[in-house]
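Written below as structure tokens is the structure these notes are about.
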Amino acid sequence: MSASWTSAFGRACGVLLDTIVRWLALSRINPNVLTFMGLVVNTWAAVLFGSAHAGNQRRLFFYAGLVIIFSGFFDLVDGQVARATNRVTRFGAFFDSVVDRYSDASQFLGLLVFYARGDRFFYVVLSAFVMISAIMVSYTRARAESLIGSCRVGFMERPERLVLVIIGALFNRMAPVLWLIAVLSTITVIHRMRYTWTRTQTPANSVTPGQAA
């Protein structure tokens, strides 16, 4: 019974998403606009994080979690709208990746402001470290794939980070979430560095010093 309900819910969500995508495709909206709207929504979540204090932290963090969930809508539809309107471009993929990095950074910047206003220096540093490590997870993959073709190793990518941030926001448990992201992101970066080093030891994948970024 539960499986049938689950599958029915999944089909209903798929139908709803397809309907939304068709409507957006008919509106001829540029997919890059949808991508940018995701950044705007994530910035709203960052403002909620940064505006919180001891008296309203639980409430504003909960709202921020809901806003981040809503931002996922734009991540879901921008690519589908691009395909539905035959607007899939290399620049669109590039723009999506760049905007995603800004979206990630905005969330952690909001948390950094929250901890700074609360005079919690250690968590200011931790938030800054998490912001940097999140960007490095993406950078190491992009840089590695420019050399070896594929580097899909490691666990802590953007979807996992978003799920953890949402959990931390909704349940007001952001401190342990930051620790978890910091540790797993660092492990992912090290894993990708080691994997790339191993792959570049073969003559076919070696590069000259002049090719380094």
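As shown in the structure tokens, the chain order sets the letters A, B, ...; within each chain, residues go from 1, and ligands are also counted from 1 in the order they appear.
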
So which bits of segment 5-174 of chain A end up alpha helix (DSSP H) when you DSSP the backbone, as a PyMOL selection string? chain A and resi 5-26+31-51+57-84+90-117+121-148+158-170+174

With C-alpha atoms retained, could you export that selection as a compact mmCIF listing (two decimals), in the first residue's frame?
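Output below, filename part13.txt:
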# COMPACT_ATOMS: atom_id res chain seq x y z
CA TRP A 5 1.02 5.71 -2.53
CA THR A 6 4.69 6.61 -3.00
CA SER A 7 4.62 5.82 -6.71
CA ALA A 8 1.34 7.70 -7.16
CA PHE A 9 2.81 10.73 -5.39
CA GLY A 10 5.92 10.54 -7.55
CA ARG A 11 3.84 10.40 -10.73
CA ALA A 12 1.71 13.33 -9.56
CA CYS A 13 4.82 15.41 -8.86
CA GLY A 14 6.20 14.47 -12.27
CA VAL A 15 2.98 15.53 -13.99
CA LEU A 16 2.96 18.81 -12.07
CA LEU A 17 6.58 19.52 -12.93
CA ASP A 18 5.99 18.71 -16.61
CA THR A 19 3.00 21.07 -16.62
CA ILE A 20 5.05 23.87 -15.09
CA VAL A 21 7.87 23.29 -17.58
CA ARG A 22 5.43 23.39 -20.51
CA TRP A 23 3.89 26.60 -19.21
CA LEU A 24 7.29 28.22 -18.79
CA ALA A 25 8.32 27.01 -22.25
CA LEU A 26 5.20 28.57 -23.76
CA PRO A 31 16.27 29.61 -19.02
CA ASN A 32 19.13 31.81 -17.80
CA VAL A 33 16.53 34.06 -16.15
CA LEU A 34 15.25 31.04 -14.19
CA THR A 35 18.83 30.23 -13.18
CA PHE A 36 19.34 33.79 -11.96
CA MET A 37 16.05 33.67 -10.03
CA GLY A 38 17.50 30.75 -8.09
CA LEU A 39 20.32 33.06 -6.98
CA VAL A 40 17.82 35.74 -5.96
CA VAL A 41 15.87 33.26 -3.84
CA ASN A 42 19.06 31.92 -2.22
CA THR A 43 20.08 35.50 -1.43
CA TRP A 44 16.74 35.89 0.34
CA ALA A 45 17.64 32.86 2.48
CA ALA A 46 21.04 34.43 3.21
CA VAL A 47 19.33 37.63 4.39
CA LEU A 48 17.13 35.57 6.72
CA PHE A 49 20.20 33.83 8.15
CA GLY A 50 22.05 37.10 8.60
CA SER A 51 19.05 38.83 10.21
CA GLN A 57 16.83 32.39 15.35
CA ARG A 58 14.64 29.29 15.28
CA ARG A 59 11.88 31.03 13.34
CA LEU A 60 14.09 32.80 10.78
CA PHE A 61 16.27 29.74 10.25
CA PHE A 62 13.12 27.69 9.62
CA TYR A 63 11.93 30.24 7.05
CA ALA A 64 15.38 30.22 5.44
CA GLY A 65 15.18 26.44 5.12
CA LEU A 66 11.83 26.73 3.37
CA VAL A 67 13.22 29.39 1.03
CA ILE A 68 16.17 27.14 0.12
CA ILE A 69 13.73 24.32 -0.64
CA PHE A 70 11.84 26.72 -2.91
CA SER A 71 15.09 27.68 -4.65
CA GLY A 72 15.44 24.05 -5.66
CA PHE A 73 12.47 24.59 -7.98
CA PHE A 74 14.60 26.78 -10.22
CA ASP A 75 17.38 24.18 -10.24
CA LEU A 76 14.83 21.62 -11.41
CA VAL A 77 13.20 23.62 -14.19
CA ASP A 78 15.92 25.76 -15.79
CA GLY A 79 17.56 22.86 -17.61
CA GLN A 80 14.23 21.28 -18.55
CA VAL A 81 12.92 24.56 -19.94
CA ALA A 82 16.15 24.97 -21.93
CA ARG A 83 15.64 21.53 -23.47
CA ALA A 84 11.92 22.10 -24.09
CA ARG A 90 27.37 25.82 -23.62
CA PHE A 91 27.07 29.29 -22.13
CA GLY A 92 23.89 28.24 -20.32
CA ALA A 93 25.74 25.37 -18.67
CA PHE A 94 28.59 27.72 -17.76
CA PHE A 95 26.19 30.36 -16.41
CA ASP A 96 24.35 27.75 -14.33
CA SER A 97 27.60 26.59 -12.73
CA VAL A 98 28.74 30.13 -11.93
CA VAL A 99 25.37 31.10 -10.43
CA ASP A 100 25.34 27.91 -8.34
CA ARG A 101 28.67 28.93 -6.80
CA TYR A 102 27.29 32.35 -5.89
CA SER A 103 24.14 30.73 -4.47
CA ASP A 104 26.21 28.43 -2.27
CA ALA A 105 28.44 31.27 -1.11
CA SER A 106 25.47 33.52 -0.30
CA GLN A 107 24.01 30.98 2.13
CA PHE A 108 27.26 30.60 4.04
CA LEU A 109 27.85 34.36 3.94
CA GLY A 110 24.48 34.80 5.63
CA LEU A 111 25.52 32.34 8.34
CA LEU A 112 28.86 34.12 8.70
CA VAL A 113 27.02 37.41 9.31
CA PHE A 114 24.73 35.69 11.83
CA TYR A 115 27.65 34.36 13.87
CA ALA A 116 29.56 37.65 13.57
CA ARG A 117 26.58 39.59 14.95
CA PHE A 121 34.25 34.18 16.34
CA PHE A 122 34.96 30.44 16.04
CA TYR A 123 31.81 29.86 13.98
CA VAL A 124 32.59 32.91 11.85
CA VAL A 125 35.84 31.16 10.90
CA LEU A 126 34.06 27.83 10.45
CA SER A 127 31.43 29.40 8.17
CA ALA A 128 34.18 31.03 6.10
CA PHE A 129 36.02 27.71 5.85
CA VAL A 130 32.85 25.91 4.76
CA MET A 131 32.23 28.59 2.12
CA ILE A 132 35.74 28.13 0.74
CA SER A 133 35.63 24.33 0.88
CA ALA A 134 32.26 24.24 -0.92
CA ILE A 135 33.74 26.28 -3.76
CA MET A 136 36.87 24.11 -3.81
CA VAL A 137 34.80 20.94 -4.18
CA SER A 138 33.38 22.35 -7.40
CA TYR A 139 36.68 23.85 -8.57
CA THR A 140 38.70 20.66 -8.11
CA ARG A 141 36.20 18.74 -10.23
CA ALA A 142 36.11 21.39 -12.96
CA ARG A 143 39.90 21.73 -13.05
CA ALA A 144 40.43 17.97 -12.98
CA GLU A 145 37.96 17.41 -15.80
CA SER A 146 39.85 19.91 -17.95
CA LEU A 147 42.82 17.56 -17.61
CA ILE A 148 41.51 13.99 -17.34
CA ARG A 158 26.03 20.57 -4.06
CA PRO A 159 22.89 18.43 -3.58
CA GLU A 160 24.30 16.90 -0.40
CA ARG A 161 25.31 20.33 0.93
CA LEU A 162 21.87 21.74 0.22
CA VAL A 163 20.14 18.85 2.01
CA LEU A 164 22.36 19.32 5.06
CA VAL A 165 21.86 23.10 5.14
CA ILE A 166 18.10 22.63 4.83
CA ILE A 167 18.11 20.13 7.71
CA GLY A 168 20.25 22.45 9.83
CA ALA A 169 17.95 25.39 9.11
CA LEU A 170 14.63 23.61 9.61
CA MET A 174 23.29 24.52 11.96
